[in-house]
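*Asks:* I'd like to ask some things about the structure below.
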Amino acid sequence: MSTITRRGIHFMQRLNSANVSSALLEKGQNRVIDASLTLIRERAKLKAKLVRALGGAKATSSLLGVPLGHNSSFLQGPAFAPPRIREAIWCGSTNSTTEEGKDLQDARVLTDVGDVPIQEIRDCGVDDHRLMNVISESVKLVMEEDPLRPLVLGGDHSISFPVIRAVSEKLGGPVDVLHLDAHPDNYDAFEGNIYSHASSFARVMEGDYVRRLLQVGIRSITTEGRAQAKKFGVEQYEMRTFSRDRHFLENLKLGEGVKGVYISIDVDCLDPAFAPGVSHIEPGGLSFRDVLNILHNLQGEVVAGDVVEFNPQRDTVDGMTAMVAAKLVRELAAKIAK
């Protein structure tokens, strides 16, 4: 258990031992949640006004950090990823132009509304059910400010459920999801946790949020993972057949007849030679260029996305994986912006 998690638990134990009423505690929790949502709302309004004043943008990628790591089944380091990714995005070792020629210093391409204060909310004793609702509401607040489109920085993969739910509900219908990952993350309730990062896409598929879910890069999957995929009609493309599937995956056409395309990139979809800074190291993965080819060639309107599971605590000394995660964010931002 992490120090942050223990701190929150011990704080709540002290409140309980002090006989603080549940009504008083809930009132305080609501104030903290309201303050957190207000900060996201006002930042999104300000950034959107700037983009609209500049003119010419139909869709602008807006970074939203969700530093959540406690639903990881192994290491909780992804909670520390958002600031490391931001730092790497603007690292002076590279320029601000994406491979397709969009300049990230143009606020019409990329803006940033900050982080959902996950640990501060949890420290007040807010449970995961309410926390997932806070994440969903934060995403909706970003989407309310045209032309902002959420590009979420994780965090572990449990965040994809409330984000996809919010995107679908806000757009008024299902989306197609392209999910790049070493794992299907579709356990019913991994280790008894329905919000586990290993169960996020089971929660997604239980709702009416997604029409098609394509999972690419899979190379660590159990019998339950395959059974769940069959149950939900998931299209899985495992690495053992990637050479056969490559042409199809590098020429995807998604989003027609639904509200658009959502892209979720777990950094461990990559072979650890390219991205060692992840909690679950799984050899035999995609190359970085494989991922970019899939992303760049995708035909469809990308309405939102996330990059998750970068673990700074396992990165190399020179921050190699931070730069990899940052480039994934940069290229995904360019795909969303128009």
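Naming works like this for the structure tokens: A, B, ... for the chains as they're shown, residue 1 at the start of each chain, ligands 1 onward in shown order.
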Where does DSSP see strand (DSSP E or B) in segment 10-74 of chain A, if you list the residues as JSON, numbers by chain?
*Replies:* {"A": [60, 61, 62, 63, 64, 65, 66]}
*Asks:* Please provide as a count of residues only all residues within 12 Å of Ile194 of chain A, with the sequence filter that same-chain residues fewer than 3 positions apart are discarded (counting only C-alpha atoms).
*Replies:* 24
*Asks:* My list of candidates is A:Leu270, A:Leu151, A:Val234, A:Ala275. Which is closest to Thr321 of chain A when distances are computed with only C-alpha atoms?
*Replies:*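 Checking each candidate against Thr321 of chain A, we get A:Ala275 as the closest.
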*Asks:* Tell me which of A:Thr111, A:Asn30, A:Ser21, A:Ser93 sits closest to Ser61 of chain A, counting only C-alpha atoms.
*Replies:*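 The closest residue to Ser61 of chain A is A:Thr111.
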*Asks:* Grab the atom CA of Ile159 of chain A to atom CA of Phe232 of chain A distance for me, in Å with one decimal place.
*Replies:*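 Straight-line distance from atom CA of Ile159 of chain A to atom CA of Phe232 of chain A works out to 19.7 Å.
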*Asks:* Name the closest residue to Val51 of chain A among the candidates A:Arg122, A:Ile263, A:Ala337, A:Phe310; distances are taken between atoms, counting only C-alpha atoms.
*Replies:*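 Closest residue, counting only C-alpha atoms: A:Ala337.
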*Asks:* I'd like the neighbourhood of Met239 of chain A as a list in words, where a residue qualifies if any of its atoms comes within 9 Å (using only C-alpha atoms), though same-chain residues fewer than 2 positions away should be ignored.
*Replies:*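 Residues near the query, excluding close chain neighbours: Ala182, Val216, Gly217, Ile218, Arg219, Tyr237, Thr241, Phe242, Ser243, Gly284, Gly285 and Leu286 of chain A.
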*Asks:* With C-alpha atoms retained, could you export that selection as an mmCIF file, in the first residue's frame?
*Replies:*
```cif
data_model
loop_
_atom_site.group_PDB
_atom_site.id
_atom_site.type_symbol
_atom_site.label_atom_id
_atom_site.label_comp_id
_atom_site.auth_asym_id
_atom_site.auth_seq_id
_atom_site.Cartn_x
_atom_site.Cartn_y
_atom_site.Cartn_z
ATOM 1 C CA ALA A 182 -0.353 -5.629 -23.795
ATOM 2 C CA VAL A 216 -4.218 -4.150 -30.422
ATOM 3 C CA GLY A 217 -0.886 -5.353 -29.055
ATOM 4 C CA ILE A 218 -2.330 -8.045 -26.799
ATOM 5 C CA ARG A 219 0.233 -10.578 -25.599
ATOM 6 C CA TYR A 237 -5.462 -8.486 -32.333
ATOM 7 C CA THR A 241 -0.500 -12.630 -35.348
ATOM 8 C CA PHE A 242 0.570 -9.000 -35.825
ATOM 9 C CA SER A 243 2.546 -9.679 -39.000
ATOM 10 C CA GLY A 284 7.250 -8.986 -27.533
ATOM 11 C CA GLY A 285 5.294 -5.787 -28.056
ATOM 12 C CA LEU A 286 4.752 -3.182 -30.718
#
```
*Asks:* Could you pull out all residues of segment 4-183 of chain A with a DSSP call of helix (DSSP H, G or I) and give them as a ChimeraX atom specification?
*Replies:* /A:4-17,22-54,77-89,118-122,128-143,157-171
*Asks:* Quick one: residues within 7 Å of Leu213 of chain A, only C-alpha atoms, excluding same-chain residues fewer than 4 positions away - as a list of chain:residue names?
*Replies:*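 Contacts, in chain order: A:Asp176, A:Val177, A:Leu178, A:Val234, A:Glu235.
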*Asks:* Which residue, A:Ser36, A:Asn311, A:Asn297, A:Thr316, has the smallest gap to Asp156 of chain A when you use only C-alpha atoms?
*Replies:*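 Of A:Ser36, A:Asn311, A:Asn297, A:Thr316, the one nearest Asp156 of chain A, counting only C-alpha atoms, is A:Asn311.
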*Asks:* Considering only C-alpha atoms, can you say which of A:Pro67, A:Gly114, A:Gly125, A:Pro78 comes closest to Val267 of chain A?
*Replies:* A:Pro78
*Asks:* Would you please work out which residue, of A:Leu54, A:Leu171, A:Leu249, A:Val152, is nearest to Arg86 of chain A when using only C-alpha atoms?
*Replies:*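 Among A:Leu54, A:Leu171, A:Leu249, A:Val152, it is A:Val152 that comes nearest to Arg86 of chain A.
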*Asks:* Give me the residues near segment 105-110 of chain A as a ChimeraX atom specification, where near means some atom within 10 Å (using only C-alpha atoms) and where sequence neighbours in that chain fewer than 6 positions away do not count.
*Replies:* /A:47-48,50-63,90,95-97,147-149,151,330,333-338
*Asks:* Keeping only N, CA and C atoms, write the selected residues as a short mmCIF file (atom, residue, chain, number, x, y, z; two decimals), in the first residue's frame.
*Replies:*
```cif
data_model
loop_
_atom_site.label_atom_id
_atom_site.label_comp_id
_atom_site.auth_asym_id
_atom_site.auth_seq_id
_atom_site.Cartn_x
_atom_site.Cartn_y
_atom_site.Cartn_z
N LYS A 47 -9.29 28.69 -21.12
CA LYS A 47 -8.53 28.20 -22.26
C LYS A 47 -9.38 28.20 -23.53
N ALA A 48 -10.64 27.86 -23.40
CA ALA A 48 -11.52 27.84 -24.58
C ALA A 48 -11.73 29.25 -25.13
N LEU A 50 -9.62 31.67 -25.03
CA LEU A 50 -8.39 32.01 -25.75
C LEU A 50 -8.39 31.38 -27.13
N VAL A 51 -8.74 30.09 -27.21
CA VAL A 51 -8.75 29.39 -28.49
C VAL A 51 -9.76 30.03 -29.44
N ARG A 52 -10.94 30.34 -28.93
CA ARG A 52 -11.96 30.95 -29.79
C ARG A 52 -11.54 32.34 -30.26
N ALA A 53 -10.83 33.06 -29.39
CA ALA A 53 -10.34 34.39 -29.78
C ALA A 53 -9.32 34.31 -30.90
N LEU A 54 -8.50 33.27 -30.88
CA LEU A 54 -7.51 33.08 -31.95
C LEU A 54 -8.20 32.72 -33.26
N GLY A 55 -9.32 31.99 -33.18
CA GLY A 55 -10.11 31.64 -34.35
C GLY A 55 -9.54 30.51 -35.17
N GLY A 56 -10.43 29.87 -35.95
CA GLY A 56 -10.00 28.86 -36.91
C GLY A 56 -9.92 27.44 -36.41
N ALA A 57 -10.20 27.20 -35.13
CA ALA A 57 -10.10 25.84 -34.60
C ALA A 57 -11.46 25.18 -34.51
N LYS A 58 -11.57 23.99 -35.08
CA LYS A 58 -12.79 23.19 -34.95
C LYS A 58 -12.69 22.23 -33.77
N ALA A 59 -11.47 21.79 -33.46
CA ALA A 59 -11.23 20.90 -32.33
C ALA A 59 -9.83 21.14 -31.81
N THR A 60 -9.72 21.32 -30.49
CA THR A 60 -8.44 21.57 -29.84
C THR A 60 -8.21 20.52 -28.76
N SER A 61 -7.08 19.87 -28.80
CA SER A 61 -6.74 18.90 -27.76
C SER A 61 -6.49 19.62 -26.45
N SER A 62 -7.10 19.14 -25.39
CA SER A 62 -6.94 19.75 -24.08
C SER A 62 -6.47 18.72 -23.07
N LEU A 63 -5.26 18.90 -22.57
CA LEU A 63 -4.73 17.96 -21.59
C LEU A 63 -5.51 18.06 -20.28
N TRP A 90 7.47 19.40 -23.34
CA TRP A 90 8.10 20.70 -23.60
C TRP A 90 9.61 20.67 -23.40
N ASN A 95 11.71 19.88 -30.77
CA ASN A 95 10.91 21.07 -31.07
C ASN A 95 9.43 20.79 -30.81
N SER A 96 8.60 21.77 -31.05
CA SER A 96 7.19 21.67 -30.69
C SER A 96 6.30 21.23 -31.84
N THR A 97 6.90 20.78 -32.95
CA THR A 97 6.12 20.40 -34.12
C THR A 97 5.95 18.88 -34.18
N PRO A 147 -13.88 24.78 -28.52
CA PRO A 147 -13.74 23.51 -29.23
C PRO A 147 -12.85 22.49 -28.50
N LEU A 148 -12.78 22.53 -27.17
CA LEU A 148 -11.87 21.66 -26.43
C LEU A 148 -12.30 20.20 -26.52
N ARG A 149 -11.30 19.33 -26.69
CA ARG A 149 -11.50 17.88 -26.70
C ARG A 149 -10.53 17.26 -25.70
N LEU A 151 -7.85 15.15 -23.80
CA LEU A 151 -6.74 14.23 -23.99
C LEU A 151 -6.19 13.98 -22.59
N ARG A 330 1.80 13.90 -27.94
CA ARG A 330 1.95 14.91 -28.98
C ARG A 330 1.27 14.49 -30.28
N ALA A 333 -2.47 14.32 -29.83
CA ALA A 333 -3.02 15.68 -29.84
C ALA A 333 -3.20 16.20 -31.25
N ALA A 334 -2.22 15.93 -32.08
CA ALA A 334 -2.30 16.38 -33.48
C ALA A 334 -3.42 15.67 -34.23
N LYS A 335 -3.67 14.41 -33.86
CA LYS A 335 -4.75 13.65 -34.52
C LYS A 335 -6.12 14.21 -34.14
N ILE A 336 -6.25 14.70 -32.91
CA ILE A 336 -7.53 15.22 -32.44
C ILE A 336 -7.77 16.63 -32.99
N ALA A 337 -6.72 17.45 -33.01
CA ALA A 337 -6.87 18.87 -33.36
C ALA A 337 -7.17 19.05 -34.84
N LYS A 338 -8.03 20.02 -35.11
CA LYS A 338 -8.33 20.35 -36.50
C LYS A 338 -8.93 21.74 -36.59
#
```
*Asks:* To one decimal place in Å, what is the distance between atom CA of Ala88 of chain A and atom CA of Asp266 of chain A?
*Replies:* 17.2 Å
